[in-house]
Amino acid sequence: MTLFVTVILGLIFVILGLSTSWPLWAWPATAVLLLVITAATHKALSRGADELLSTAVSGLQPELFTPERPERRVTHVALPSATPDYDFSFAATVLWSELEAPEEAPVINPAGLAVDAILQRARQHTERQPPTRSAFVQHQLNGALGIMRMDPTGRVLAMAQDVSLSLPEQDRERLGKLSDVRKDEDVWEHERNYERSKRTYLGNDVLKDTGSAVVWWLSRNDEEVEGTVDRIGLLARLSAAANNDAVLPPFDHLVPQPRPVVEPIESDSEQQPSTDWADASIPYGAGTSRGSTDTDTVDAFLKWFDISPDAPEHDMFIERLINLARAHDKPDVIDDIRRRFGPHEPDEPDGGVSMPTDSDD
């Protein structure tokens with residue numbers, strides 16, 4: 001608008017100056033006057049526009065931003081969650097606007113319709129949410145219920161504000177304990193699966209046979225080849241035990257053999273000592289204590305040394321036993337041996353001890 005006024009006044013001044021033949025000094029004065037008029041016009045137009053906008057806003061504000069609507073506060077309303085028996089506690093301020101009723105429409109309670117509509121909308125939202133997220137669901141409800149919507153009857157528009165959603169303290173404690181148990185079960189299940197996988201790996205792969213065990217040990221100790229060779233017997237026993245089997249013959253010589261355990265035969269007055277040459281033990285004779293001897297005991301001693309009565313070294317061994325008994329002053333033992341195996345004279349008549357050697361034989 002300022003530009004339009006400036007152009008019109010400029011054209012008017014030019015036409016007047018040309019038609020009346022203004023002197024040269026009048027043209028600069030006319031230009032200054034035109035600038036002054038332009039500035040005054042711009043200022044006046046700006047002030048009028050501001051006043052017009054302020055009047056328009058002040059006229060619309062009461063209708064748009066300060067609605068007068070009835071409201072009602074509802075508290076401690078139980079709403080279901082996604083977990084049975086764990087209900088939310090709901091509270092909110094319900095606002096509504098009553099719509100025009102058609103002719104012959106029944107009289108309504110707008111507050112009741114509005115509260116029911118808000119509770120139905122809140123229930124549809126909370127029944128899909130877990131009870132452990134009450135704070136998060138509360139913010140969602142503030143947004144979902146903060147919109148004016150028509151109730152199912154079409155008679156009121158309802159919305160809610162100041163929504164509060166909580167879970168009872170006892171239910172929170174129960175859910176916390178259940179959560180801890182589930183976490184512990186998950187950890188235990190993972191540990192059990194790990195242990196099961198490890199047993200399967202060791203039993204079906206590593207200790208499947210002696211060769212697999214040796215290769216597994218060598219892969220973990222590739223710089224200790226000699227040490228791995230020394231452990232082949234141990235690995236063979238380990239793989240055999242893992243498969244409930246005996247050590248394979250190719251590795252049997254690498255396994256240390258247990259020393260035979262010699263156990264005395266329990267004495268029995270009605271049982272005679274065994275004379276079977278397959279018996280490798282050295283039992284005491286029947287009715288004989290450790291302080292005396294018996295020919296059966298000597299026979300068992302000879303069996304243990306694998307010396308039969310027909311062996312060439314039999315007599316020499318008996319003579320050595322007699323000399324040993326004489327060295328320990330055991331005449332009764334000497335008499336028993338002589339009665340059983342015949343007389344054996346000592347090499348030295350003076351009764352000294354003479355232990356024959358291999359060179360003497």
# chains A, B, ... in the order shown; residues from 1 in each chain; ligands from 1
>>> residues_around(residues="Val229 of chain A", least_positions_apart="6", cutoff="10 Å", atoms="only C-alpha atoms", output="JSON list (two decimals) with all heavy atoms, in the first residue's frame")
[["chain", "number", "residue", "atom", "x", "y", "z"],
["A", 214, "VAL", "N", 44.13, -88.23, 22.74],
["A", 214, "VAL", "CA", 45.52, -87.82, 22.52],
["A", 214, "VAL", "C", 45.57, -86.60, 21.59],
["A", 214, "VAL", "O", 46.31, -85.63, 21.83],
["A", 214, "VAL", "CB", 46.34, -88.98, 21.95],
["A", 214, "VAL", "CG1", 47.72, -88.51, 21.53],
["A", 214, "VAL", "CG2", 46.45, -90.10, 22.98],
["A", 218, "LEU", "N", 47.00, -82.94, 22.52],
["A", 218, "LEU", "CA", 48.09, -82.38, 21.74],
["A", 218, "LEU", "C", 47.71, -81.04, 21.12],
["A", 218, "LEU", "O", 48.54, -80.15, 20.99],
["A", 218, "LEU", "CB", 48.50, -83.37, 20.65],
["A", 218, "LEU", "CG", 49.76, -83.02, 19.83],
["A", 218, "LEU", "CD1", 50.97, -82.93, 20.76],
["A", 218, "LEU", "CD2", 50.00, -84.06, 18.75],
["A", 235, "LEU", "N", 45.54, -91.00, 29.32],
["A", 235, "LEU", "CA", 44.43, -90.68, 28.43],
["A", 235, "LEU", "C", 43.68, -91.94, 28.00],
["A", 235, "LEU", "O", 42.46, -91.91, 27.81],
["A", 235, "LEU", "CB", 44.96, -89.93, 27.21],
["A", 235, "LEU", "CG", 45.55, -88.54, 27.48],
["A", 235, "LEU", "CD1", 46.18, -87.97, 26.22],
["A", 235, "LEU", "CD2", 44.49, -87.58, 28.01],
["A", 254, "LEU", "N", 50.90, -99.47, 28.38],
["A", 254, "LEU", "CA", 51.20, -98.12, 28.86],
["A", 254, "LEU", "C", 50.50, -97.78, 30.15],
["A", 254, "LEU", "O", 50.74, -96.74, 30.73],
["A", 254, "LEU", "CB", 50.80, -97.08, 27.79],
["A", 254, "LEU", "CG", 51.51, -97.20, 26.44],
["A", 254, "LEU", "CD1", 50.93, -96.21, 25.45],
["A", 254, "LEU", "CD2", 53.01, -96.99, 26.61]]
>>> closest_residue(among="A:Ala325, A:Thr38, A:Arg47, A:Asp205", to="Thr2 of chain A", atoms="only C-alpha atoms")
A:Thr38
>>> atom_distance(atom1="atom CA of Ile232 of chain A", atom2="atom CA of Tyr194 of chain A")
28.1 Å
>>> select_by_dssp(residues="segment 40-255 of chain A", states="strand (DSSP E or B)", output="PDB file with all heavy atoms, in the first residue's frame")
ATOM      1  N   GLU A  71     -17.144 -31.242  34.693  1.00  0.00           N
ATOM      2  CA  GLU A  71     -16.134 -32.278  34.922  1.00  0.00           C
ATOM      3  C   GLU A  71     -16.472 -33.062  36.172  1.00  0.00           C
ATOM      4  O   GLU A  71     -17.226 -32.598  37.042  1.00  0.00           O
ATOM      5  CB  GLU A  71     -14.738 -31.664  35.041  1.00  0.00           C
ATOM      6  CG  GLU A  71     -14.562 -30.727  36.213  1.00  0.00           C
ATOM      7  CD  GLU A  71     -13.186 -30.121  36.272  1.00  0.00           C
ATOM      8  OE1 GLU A  71     -12.620 -29.803  35.200  1.00  0.00           O
ATOM      9  OE2 GLU A  71     -12.664 -29.957  37.398  1.00  0.00           O
ATOM     10  N   ARG A  72     -15.871 -34.282  36.270  1.00  0.00           N
ATOM     11  CA  ARG A  72     -16.050 -35.138  37.445  1.00  0.00           C
ATOM     12  C   ARG A  72     -14.768 -35.937  37.651  1.00  0.00           C
ATOM     13  O   ARG A  72     -14.192 -36.462  36.705  1.00  0.00           O
ATOM     14  CB  ARG A  72     -17.239 -36.082  37.271  1.00  0.00           C
ATOM     15  CG  ARG A  72     -17.387 -37.102  38.417  1.00  0.00           C
ATOM     16  CD  ARG A  72     -18.647 -37.907  38.297  1.00  0.00           C
ATOM     17  NE  ARG A  72     -19.824 -37.060  38.474  1.00  0.00           N
ATOM     18  CZ  ARG A  72     -21.067 -37.514  38.461  1.00  0.00           C
ATOM     19  NH1 ARG A  72     -21.279 -38.801  38.232  1.00  0.00           N
ATOM     20  NH2 ARG A  72     -22.088 -36.709  38.631  1.00  0.00           N
ATOM     21  N   ARG A  73     -14.357 -36.074  38.912  1.00  0.00           N
ATOM     22  CA  ARG A  73     -13.146 -36.814  39.279  1.00  0.00           C
ATOM     23  C   ARG A  73     -13.522 -38.236  39.674  1.00  0.00           C
ATOM     24  O   ARG A  73     -14.393 -38.464  40.515  1.00  0.00           O
ATOM     25  CB  ARG A  73     -12.437 -36.130  40.457  1.00  0.00           C
ATOM     26  CG  ARG A  73     -11.134 -36.780  40.879  1.00  0.00           C
ATOM     27  CD  ARG A  73     -10.050 -36.591  39.854  1.00  0.00           C
ATOM     28  NE  ARG A  73      -8.794 -37.227  40.248  1.00  0.00           N
ATOM     29  CZ  ARG A  73      -7.720 -37.281  39.490  1.00  0.00           C
ATOM     30  NH1 ARG A  73      -7.753 -36.744  38.267  1.00  0.00           N
ATOM     31  NH2 ARG A  73      -6.624 -37.855  39.913  1.00  0.00           N
ATOM     32  N   VAL A  74     -12.875 -39.222  39.032  1.00  0.00           N
ATOM     33  CA  VAL A  74     -13.067 -40.637  39.379  1.00  0.00           C
ATOM     34  C   VAL A  74     -11.743 -41.177  39.906  1.00  0.00           C
ATOM     35  O   VAL A  74     -10.666 -40.872  39.382  1.00  0.00           O
ATOM     36  CB  VAL A  74     -13.551 -41.453  38.165  1.00  0.00           C
ATOM     37  CG1 VAL A  74     -14.943 -41.026  37.759  1.00  0.00           C
ATOM     38  CG2 VAL A  74     -12.594 -41.318  36.991  1.00  0.00           C
ATOM     39  N   THR A  75     -11.792 -42.000  40.959  1.00  0.00           N
ATOM     40  CA  THR A  75     -10.575 -42.532  41.595  1.00  0.00           C
ATOM     41  C   THR A  75     -10.771 -43.999  41.956  1.00  0.00           C
ATOM     42  O   THR A  75     -11.897 -44.486  42.102  1.00  0.00           O
ATOM     43  CB  THR A  75     -10.216 -41.743  42.869  1.00  0.00           C
ATOM     44  OG1 THR A  75     -11.335 -41.792  43.766  1.00  0.00           O
ATOM     45  CG2 THR A  75      -9.900 -40.292  42.545  1.00  0.00           C
ATOM     46  N   HIS A  76      -9.610 -44.705  42.110  1.00  0.00           N
ATOM     47  CA  HIS A  76      -9.558 -46.094  42.587  1.00  0.00           C
ATOM     48  C   HIS A  76     -10.456 -47.016  41.773  1.00  0.00           C
ATOM     49  O   HIS A  76     -11.218 -47.823  42.315  1.00  0.00           O
ATOM     50  CB  HIS A  76      -9.940 -46.165  44.068  1.00  0.00           C
ATOM     51  CG  HIS A  76      -9.112 -45.291  44.948  1.00  0.00           C
ATOM     52  ND1 HIS A  76      -7.763 -45.480  45.142  1.00  0.00           N
ATOM     53  CD2 HIS A  76      -9.456 -44.183  45.681  1.00  0.00           C
ATOM     54  CE1 HIS A  76      -7.298 -44.557  45.961  1.00  0.00           C
ATOM     55  NE2 HIS A  76      -8.297 -43.756  46.299  1.00  0.00           N
ATOM     56  N   VAL A  77     -10.371 -46.899  40.466  1.00  0.00           N
ATOM     57  CA  VAL A  77     -11.121 -47.788  39.583  1.00  0.00           C
ATOM     58  C   VAL A  77     -10.167 -48.887  39.109  1.00  0.00           C
ATOM     59  O   VAL A  77      -9.102 -48.594  38.555  1.00  0.00           O
ATOM     60  CB  VAL A  77     -11.705 -47.020  38.390  1.00  0.00           C
ATOM     61  CG1 VAL A  77     -12.472 -47.975  37.482  1.00  0.00           C
ATOM     62  CG2 VAL A  77     -12.614 -45.889  38.870  1.00  0.00           C
ATOM     63  N   ALA A  78     -10.542 -50.146  39.341  1.00  0.00           N
ATOM     64  CA  ALA A  78      -9.690 -51.278  38.947  1.00  0.00           C
ATOM     65  C   ALA A  78      -9.879 -51.571  37.465  1.00  0.00           C
ATOM     66  O   ALA A  78     -11.000 -51.824  37.011  1.00  0.00           O
ATOM     67  CB  ALA A  78     -10.026 -52.512  39.770  1.00  0.00           C
ATOM     68  N   LEU A  79      -8.779 -51.531  36.729  1.00  0.00           N
ATOM     69  CA  LEU A  79      -8.794 -51.852  35.301  1.00  0.00           C
ATOM     70  C   LEU A  79      -7.882 -53.055  35.066  1.00  0.00           C
ATOM     71  O   LEU A  79      -6.773 -53.116  35.624  1.00  0.00           O
ATOM     72  CB  LEU A  79      -8.310 -50.661  34.471  1.00  0.00           C
ATOM     73  CG  LEU A  79      -9.208 -49.421  34.501  1.00  0.00           C
ATOM     74  CD1 LEU A  79      -8.585 -48.322  33.642  1.00  0.00           C
ATOM     75  CD2 LEU A  79     -10.609 -49.738  34.018  1.00  0.00           C
ATOM     76  N   PRO A  80      -8.290 -54.010  34.256  1.00  0.00           N
ATOM     77  CA  PRO A  80      -7.490 -55.236  34.068  1.00  0.00           C
ATOM     78  C   PRO A  80      -6.206 -54.957  33.291  1.00  0.00           C
ATOM     79  O   PRO A  80      -6.141 -54.035  32.470  1.00  0.00           O
ATOM     80  CB  PRO A  80      -8.420 -56.164  33.292  1.00  0.00           C
ATOM     81  CG  PRO A  80      -9.329 -55.238  32.556  1.00  0.00           C
ATOM     82  CD  PRO A  80      -9.529 -54.040  33.457  1.00  0.00           C
ATOM     83  N   ASP A  87      -4.572 -56.046  38.658  1.00  0.00           N
ATOM     84  CA  ASP A  87      -5.338 -54.933  38.113  1.00  0.00           C
ATOM     85  C   ASP A  87      -4.653 -53.607  38.411  1.00  0.00           C
ATOM     86  O   ASP A  87      -4.029 -53.418  39.467  1.00  0.00           O
ATOM     87  CB  ASP A  87      -6.748 -54.917  38.708  1.00  0.00           C
ATOM     88  CG  ASP A  87      -7.559 -56.134  38.301  1.00  0.00           C
ATOM     89  OD1 ASP A  87      -7.222 -56.742  37.259  1.00  0.00           O
ATOM     90  OD2 ASP A  87      -8.512 -56.480  39.024  1.00  0.00           O
ATOM     91  N   PHE A  88      -4.798 -52.662  37.461  1.00  0.00           N
ATOM     92  CA  PHE A  88      -4.333 -51.302  37.667  1.00  0.00           C
ATOM     93  C   PHE A  88      -5.349 -50.537  38.506  1.00  0.00           C
ATOM     94  O   PHE A  88      -6.553 -50.839  38.498  1.00  0.00           O
ATOM     95  CB  PHE A  88      -4.162 -50.573  36.327  1.00  0.00           C
ATOM     96  CG  PHE A  88      -3.070 -51.126  35.460  1.00  0.00           C
ATOM     97  CD1 PHE A  88      -3.374 -51.814  34.300  1.00  0.00           C
ATOM     98  CD2 PHE A  88      -1.742 -50.945  35.804  1.00  0.00           C
ATOM     99  CE1 PHE A  88      -2.372 -52.313  33.486  1.00  0.00           C
ATOM    100  CE2 PHE A  88      -0.726 -51.445  35.005  1.00  0.00           C
ATOM    101  CZ  PHE A  88      -1.051 -52.128  33.845  1.00  0.00           C
ATOM    102  N   SER A  89      -4.880 -49.521  39.213  1.00  0.00           N
ATOM    103  CA  SER A  89      -5.758 -48.581  39.915  1.00  0.00           C
ATOM    104  C   SER A  89      -5.784 -47.288  39.109  1.00  0.00           C
ATOM    105  O   SER A  89      -4.766 -46.604  38.986  1.00  0.00           O
ATOM    106  CB  SER A  89      -5.244 -48.330  41.336  1.00  0.00           C
ATOM    107  OG  SER A  89      -6.082 -47.406  42.013  1.00  0.00           O
ATOM    108  N   PHE A  90      -6.972 -46.934  38.573  1.00  0.00           N
ATOM    109  CA  PHE A  90      -7.126 -45.826  37.627  1.00  0.00           C
ATOM    110  C   PHE A  90      -7.811 -44.650  38.304  1.00  0.00           C
ATOM    111  O   PHE A  90      -8.747 -44.812  39.096  1.00  0.00           O
ATOM    112  CB  PHE A  90      -7.952 -46.299  36.425  1.00  0.00           C
ATOM    113  CG  PHE A  90      -8.293 -45.221  35.446  1.00  0.00           C
ATOM    114  CD1 PHE A  90      -7.375 -44.787  34.505  1.00  0.00           C
ATOM    115  CD2 PHE A  90      -9.550 -44.625  35.467  1.00  0.00           C
ATOM    116  CE1 PHE A  90      -7.694 -43.792  33.604  1.00  0.00           C
ATOM    117  CE2 PHE A  90      -9.886 -43.638  34.571  1.00  0.00           C
ATOM    118  CZ  PHE A  90      -8.953 -43.224  33.629  1.00  0.00           C
ATOM    119  N   ALA A  91      -7.329 -43.457  37.982  1.00  0.00           N
ATOM    120  CA  ALA A  91      -7.958 -42.216  38.449  1.00  0.00           C
ATOM    121  C   ALA A  91      -7.788 -41.166  37.365  1.00  0.00           C
ATOM    122  O   ALA A  91      -6.751 -41.120  36.687  1.00  0.00           O
ATOM    123  CB  ALA A  91      -7.353 -41.747  39.766  1.00  0.00           C
ATOM    124  N   ALA A  92      -8.817 -40.295  37.191  1.00  0.00           N
ATOM    125  CA  ALA A  92      -8.767 -39.245  36.162  1.00  0.00           C
ATOM    126  C   ALA A  92      -9.881 -38.242  36.393  1.00  0.00           C
ATOM    127  O   ALA A  92     -10.842 -38.496  37.134  1.00  0.00           O
ATOM    128  CB  ALA A  92      -8.887 -39.859  34.764  1.00  0.00           C
ATOM    129  N   THR A  93      -9.753 -37.091  35.745  1.00  0.00           N
ATOM    130  CA  THR A  93     -10.799 -36.071  35.731  1.00  0.00           C
ATOM    131  C   THR A  93     -11.496 -36.129  34.377  1.00  0.00           C
ATOM    132  O   THR A  93     -10.860 -35.922  33.347  1.00  0.00           O
ATOM    133  CB  THR A  93     -10.210 -34.678  35.971  1.00  0.00           C
ATOM    134  OG1 THR A  93      -9.557 -34.661  37.247  1.00  0.00           O
ATOM    135  CG2 THR A  93     -11.300 -33.622  35.950  1.00  0.00           C
ATOM    136  N   VAL A  94     -12.793 -36.428  34.368  1.00  0.00           N
ATOM    137  CA  VAL A  94     -13.567 -36.607  33.137  1.00  0.00           C
ATOM    138  C   VAL A  94     -14.285 -35.299  32.794  1.00  0.00           C
ATOM    139  O   VAL A  94     -14.954 -34.709  33.645  1.00  0.00           O
ATOM    140  CB  VAL A  94     -14.581 -37.758  33.301  1.00  0.00           C
ATOM    141  CG1 VAL A  94     -15.385 -37.939  32.011  1.00  0.00           C
ATOM    142  CG2 VAL A  94     -13.869 -39.050  33.682  1.00  0.00           C
ATOM    143  N   LEU A  95     -14.127 -34.840  31.556  1.00  0.00           N
ATOM    144  CA  LEU A  95     -14.811 -33.657  31.042  1.00  0.00           C
ATOM    145  C   LEU A  95     -15.712 -34.078  29.884  1.00  0.00           C
ATOM    146  O   LEU A  95     -15.371 -34.991  29.136  1.00  0.00           O
ATOM    147  CB  LEU A  95     -13.808 -32.604  30.572  1.00  0.00           C
ATOM    148  CG  LEU A  95     -12.865 -32.006  31.633  1.00  0.00           C
ATOM    149  CD1 LEU A  95     -11.618 -32.847  31.779  1.00  0.00           C
ATOM    150  CD2 LEU A  95     -12.500 -30.581  31.262  1.00  0.00           C
ATOM    151  N   TRP A  96     -16.837 -33.385  29.724  1.00  0.00           N
ATOM    152  CA  TRP A  96     -17.757 -33.742  28.653  1.00  0.00           C
ATOM    153  C   TRP A  96     -18.527 -32.524  28.164  1.00  0.00           C
ATOM    154  O   TRP A  96     -18.596 -31.484  28.826  1.00  0.00           O
ATOM    155  CB  TRP A  96     -18.724 -34.827  29.114  1.00  0.00           C
ATOM    156  CG  TRP A  96     -19.716 -34.367  30.150  1.00  0.00           C
ATOM    157  CD1 TRP A  96     -20.938 -33.822  29.934  1.00  0.00           C
ATOM    158  CD2 TRP A  96     -19.532 -34.400  31.561  1.00  0.00           C
ATOM    159  NE1 TRP A  96     -21.554 -33.513  31.108  1.00  0.00           N
ATOM    160  CE2 TRP A  96     -20.701 -33.873  32.139  1.00  0.00           C
ATOM    161  CE3 TRP A  96     -18.508 -34.830  32.401  1.00  0.00           C
ATOM    162  CZ2 TRP A  96     -20.870 -33.758  33.513  1.00  0.00           C
ATOM    163  CZ3 TRP A  96     -18.684 -34.717  33.758  1.00  0.00           C
ATOM    164  CH2 TRP A  96     -19.844 -34.185  34.312  1.00  0.00           C
ATOM    165  N   SER A  97     -19.087 -32.691  26.990  1.00  0.00           N
ATOM    166  CA  SER A  97     -19.991 -31.703  26.390  1.00  0.00           C
ATOM    167  C   SER A  97     -21.205 -32.448  25.869  1.00  0.00           C
ATOM    168  O   SER A  97     -21.075 -33.430  25.135  1.00  0.00           O
ATOM    169  CB  SER A  97     -19.307 -30.941  25.252  1.00  0.00           C
ATOM    170  OG  SER A  97     -18.261 -30.145  25.737  1.00  0.00           O
ATOM    171  N   GLU A  98     -22.387 -31.954  26.239  1.00  0.00           N
ATOM    172  CA  GLU A  98     -23.623 -32.607  25.818  1.00  0.00           C
ATOM    173  C   GLU A  98     -24.006 -32.149  24.423  1.00  0.00           C
ATOM    174  O   GLU A  98     -23.967 -30.953  24.122  1.00  0.00           O
ATOM    175  CB  GLU A  98     -24.741 -32.312  26.813  1.00  0.00           C
ATOM    176  CG  GLU A  98     -25.983 -33.129  26.584  1.00  0.00           C
ATOM    177  CD  GLU A  98     -27.005 -32.910  27.678  1.00  0.00           C
ATOM    178  OE1 GLU A  98     -26.674 -32.228  28.681  1.00  0.00           O
ATOM    179  OE2 GLU A  98     -28.133 -33.433  27.553  1.00  0.00           O
ATOM    180  N   ARG A 149     -14.126 -37.380  22.294  1.00  0.00           N
ATOM    181  CA  ARG A 149     -14.742 -38.340  21.399  1.00  0.00           C
ATOM    182  C   ARG A 149     -16.176 -38.622  21.854  1.00  0.00           C
ATOM    183  O   ARG A 149     -16.511 -38.524  23.029  1.00  0.00           O
ATOM    184  CB  ARG A 149     -13.951 -39.648  21.371  1.00  0.00           C
ATOM    185  CG  ARG A 149     -12.619 -39.530  20.667  1.00  0.00           C
ATOM    186  CD  ARG A 149     -11.932 -40.870  20.600  1.00  0.00           C
ATOM    187  NE  ARG A 149     -10.654 -40.765  19.902  1.00  0.00           N
ATOM    188  CZ  ARG A 149      -9.806 -41.775  19.749  1.00  0.00           C
ATOM    189  NH1 ARG A 149     -10.103 -42.969  20.256  1.00  0.00           N
ATOM    190  NH2 ARG A 149      -8.678 -41.592  19.104  1.00  0.00           N
ATOM    191  N   MET A 150     -16.991 -39.001  20.881  1.00  0.00           N
ATOM    192  CA  MET A 150     -18.398 -39.273  21.157  1.00  0.00           C
ATOM    193  C   MET A 150     -18.531 -40.614  21.860  1.00  0.00           C
ATOM    194  O   MET A 150     -17.817 -41.566  21.556  1.00  0.00           O
ATOM    195  CB  MET A 150     -19.187 -39.269  19.850  1.00  0.00           C
ATOM    196  CG  MET A 150     -20.696 -39.383  20.034  1.00  0.00           C
ATOM    197  SD  MET A 150     -21.549 -39.391  18.432  1.00  0.00           S
ATOM    198  CE  MET A 150     -21.037 -37.802  17.776  1.00  0.00           C
ATOM    199  N   VAL A 156     -23.010 -37.502  24.145  1.00  0.00           N
ATOM    200  CA  VAL A 156     -22.024 -36.635  24.783  1.00  0.00           C
ATOM    201  C   VAL A 156     -20.668 -36.825  24.114  1.00  0.00           C
ATOM    202  O   VAL A 156     -20.382 -37.875  23.532  1.00  0.00           O
ATOM    203  CB  VAL A 156     -21.903 -36.908  26.296  1.00  0.00           C
ATOM    204  CG1 VAL A 156     -23.203 -36.573  27.024  1.00  0.00           C
ATOM    205  CG2 VAL A 156     -21.486 -38.339  26.560  1.00  0.00           C
ATOM    206  N   LEU A 157     -19.831 -35.796  24.236  1.00  0.00           N
ATOM    207  CA  LEU A 157     -18.412 -35.867  23.893  1.00  0.00           C
ATOM    208  C   LEU A 157     -17.627 -35.896  25.193  1.00  0.00           C
ATOM    209  O   LEU A 157     -17.863 -35.060  26.081  1.00  0.00           O
ATOM    210  CB  LEU A 157     -17.998 -34.665  23.043  1.00  0.00           C
ATOM    211  CG  LEU A 157     -18.622 -34.551  21.651  1.00  0.00           C
ATOM    212  CD1 LEU A 157     -18.225 -33.224  21.005  1.00  0.00           C
ATOM    213  CD2 LEU A 157     -18.187 -35.710  20.771  1.00  0.00           C
ATOM    214  N   ALA A 158     -16.704 -36.856  25.337  1.00  0.00           N
ATOM    215  CA  ALA A 158     -15.995 -37.035  26.605  1.00  0.00           C
ATOM    216  C   ALA A 158     -14.499 -37.094  26.380  1.00  0.00           C
ATOM    217  O   ALA A 158     -14.021 -37.578  25.353  1.00  0.00           O
ATOM    218  CB  ALA A 158     -16.471 -38.305  27.306  1.00  0.00           C
ATOM    219  N   MET A 159     -13.757 -36.604  27.379  1.00  0.00           N
ATOM    220  CA  MET A 159     -12.306 -36.683  27.417  1.00  0.00           C
ATOM    221  C   MET A 159     -11.870 -36.741  28.875  1.00  0.00           C
ATOM    222  O   MET A 159     -12.695 -36.552  29.784  1.00  0.00           O
ATOM    223  CB  MET A 159     -11.652 -35.481  26.714  1.00  0.00           C
ATOM    224  CG  MET A 159     -11.959 -34.149  27.363  1.00  0.00           C
ATOM    225  SD  MET A 159     -11.068 -32.764  26.632  1.00  0.00           S
ATOM    226  CE  MET A 159      -9.412 -33.102  27.201  1.00  0.00           C
ATOM    227  N   ALA A 160     -10.586 -37.025  29.119  1.00  0.00           N
ATOM    228  CA  ALA A 160     -10.059 -37.116  30.485  1.00  0.00           C
ATOM    229  C   ALA A 160      -8.721 -36.415  30.569  1.00  0.00           C
ATOM    230  O   ALA A 160      -7.962 -36.362  29.585  1.00  0.00           O
ATOM    231  CB  ALA A 160      -9.923 -38.575  30.912  1.00  0.00           C
ATOM    232  N   GLN A 161      -8.436 -35.886  31.735  1.00  0.00           N
ATOM    233  CA  GLN A 161      -7.149 -35.251  32.000  1.00  0.00           C
ATOM    234  C   GLN A 161      -6.713 -35.609  33.413  1.00  0.00           C
ATOM    235  O   GLN A 161      -7.479 -36.152  34.198  1.00  0.00           O
ATOM    236  CB  GLN A 161      -7.239 -33.733  31.828  1.00  0.00           C
ATOM    237  CG  GLN A 161      -8.190 -33.053  32.785  1.00  0.00           C
ATOM    238  CD  GLN A 161      -8.323 -31.567  32.515  1.00  0.00           C
ATOM    239  OE1 GLN A 161      -7.931 -31.079  31.452  1.00  0.00           O
ATOM    240  NE2 GLN A 161      -8.879 -30.832  33.461  1.00  0.00           N
ATOM    241  N   ASP A 162      -5.463 -35.311  33.735  1.00  0.00           N
ATOM    242  CA  ASP A 162      -4.885 -35.666  35.044  1.00  0.00           C
ATOM    243  C   ASP A 162      -5.039 -37.164  35.318  1.00  0.00           C
ATOM    244  O   ASP A 162      -5.467 -37.588  36.401  1.00  0.00           O
ATOM    245  CB  ASP A 162      -5.541 -34.859  36.171  1.00  0.00           C
ATOM    246  CG  ASP A 162      -5.366 -33.362  35.979  1.00  0.00           C
ATOM    247  OD1 ASP A 162      -4.347 -32.965  35.400  1.00  0.00           O
ATOM    248  OD2 ASP A 162      -6.259 -32.600  36.395  1.00  0.00           O
ATOM    249  N   VAL A 163      -4.685 -37.975  34.326  1.00  0.00           N
ATOM    250  CA  VAL A 163      -4.819 -39.425  34.460  1.00  0.00           C
ATOM    251  C   VAL A 163      -3.729 -39.958  35.396  1.00  0.00           C
ATOM    252  O   VAL A 163      -2.563 -39.566  35.310  1.00  0.00           O
ATOM    253  CB  VAL A 163      -4.736 -40.116  33.090  1.00  0.00           C
ATOM    254  CG1 VAL A 163      -4.799 -41.630  33.250  1.00  0.00           C
ATOM    255  CG2 VAL A 163      -5.857 -39.623  32.192  1.00  0.00           C
ATOM    256  N   SER A 164      -4.129 -40.876  36.289  1.00  0.00           N
ATOM    257  CA  SER A 164      -3.192 -41.541  37.201  1.00  0.00           C
ATOM    258  C   SER A 164      -3.438 -43.041  37.126  1.00  0.00           C
ATOM    259  O   SER A 164      -4.587 -43.491  37.207  1.00  0.00           O
ATOM    260  CB  SER A 164      -3.379 -41.038  38.636  1.00  0.00           C
ATOM    261  OG  SER A 164      -2.570 -41.781  39.533  1.00  0.00           O
ATOM    262  N   LEU A 165      -2.362 -43.827  36.973  1.00  0.00           N
ATOM    263  CA  LEU A 165      -2.465 -45.282  36.871  1.00  0.00           C
ATOM    264  C   LEU A 165      -1.354 -45.890  37.728  1.00  0.00           C
ATOM    265  O   LEU A 165      -0.179 -45.544  37.562  1.00  0.00           O
ATOM    266  CB  LEU A 165      -2.319 -45.737  35.418  1.00  0.00           C
ATOM    267  CG  LEU A 165      -2.741 -47.177  35.121  1.00  0.00           C
ATOM    268  CD1 LEU A 165      -4.259 -47.301  35.216  1.00  0.00           C
ATOM    269  CD2 LEU A 165      -2.267 -47.600  33.742  1.00  0.00           C
ATOM    270  N   SER A 166      -1.719 -46.771  38.636  1.00  0.00           N
ATOM    271  CA  SER A 166      -0.729 -47.364  39.544  1.00  0.00           C
ATOM    272  C   SER A 166      -1.072 -48.817  39.798  1.00  0.00           C
ATOM    273  O   SER A 166      -2.139 -49.309  39.430  1.00  0.00           O
ATOM    274  CB  SER A 166      -0.693 -46.586  40.871  1.00  0.00           C
ATOM    275  OG  SER A 166      -1.958 -46.639  41.513  1.00  0.00           O
TER     276      SER A 166
END
>>> residues_around(residues="Thr132 of chain A", least_positions_apart="5", cutoff="12 Å", atoms="only C-alpha atoms", output="VMD selection string")
chain A and resid 81 to 83 86 to 88 126 137 to 138 165 to 169 171 to 176 178 to 179
>>> residues_around(residues="Pro84 of chain A", least_positions_apart="5", cutoff="12 Å", atoms="only C-alpha atoms", output="count of residues only")
7
>>> select_by_dssp(residues="segment 84-125 of chain A", states="helix (DSSP H, G or I)", output="PyMOL selection string")
chain A and resi 110-125
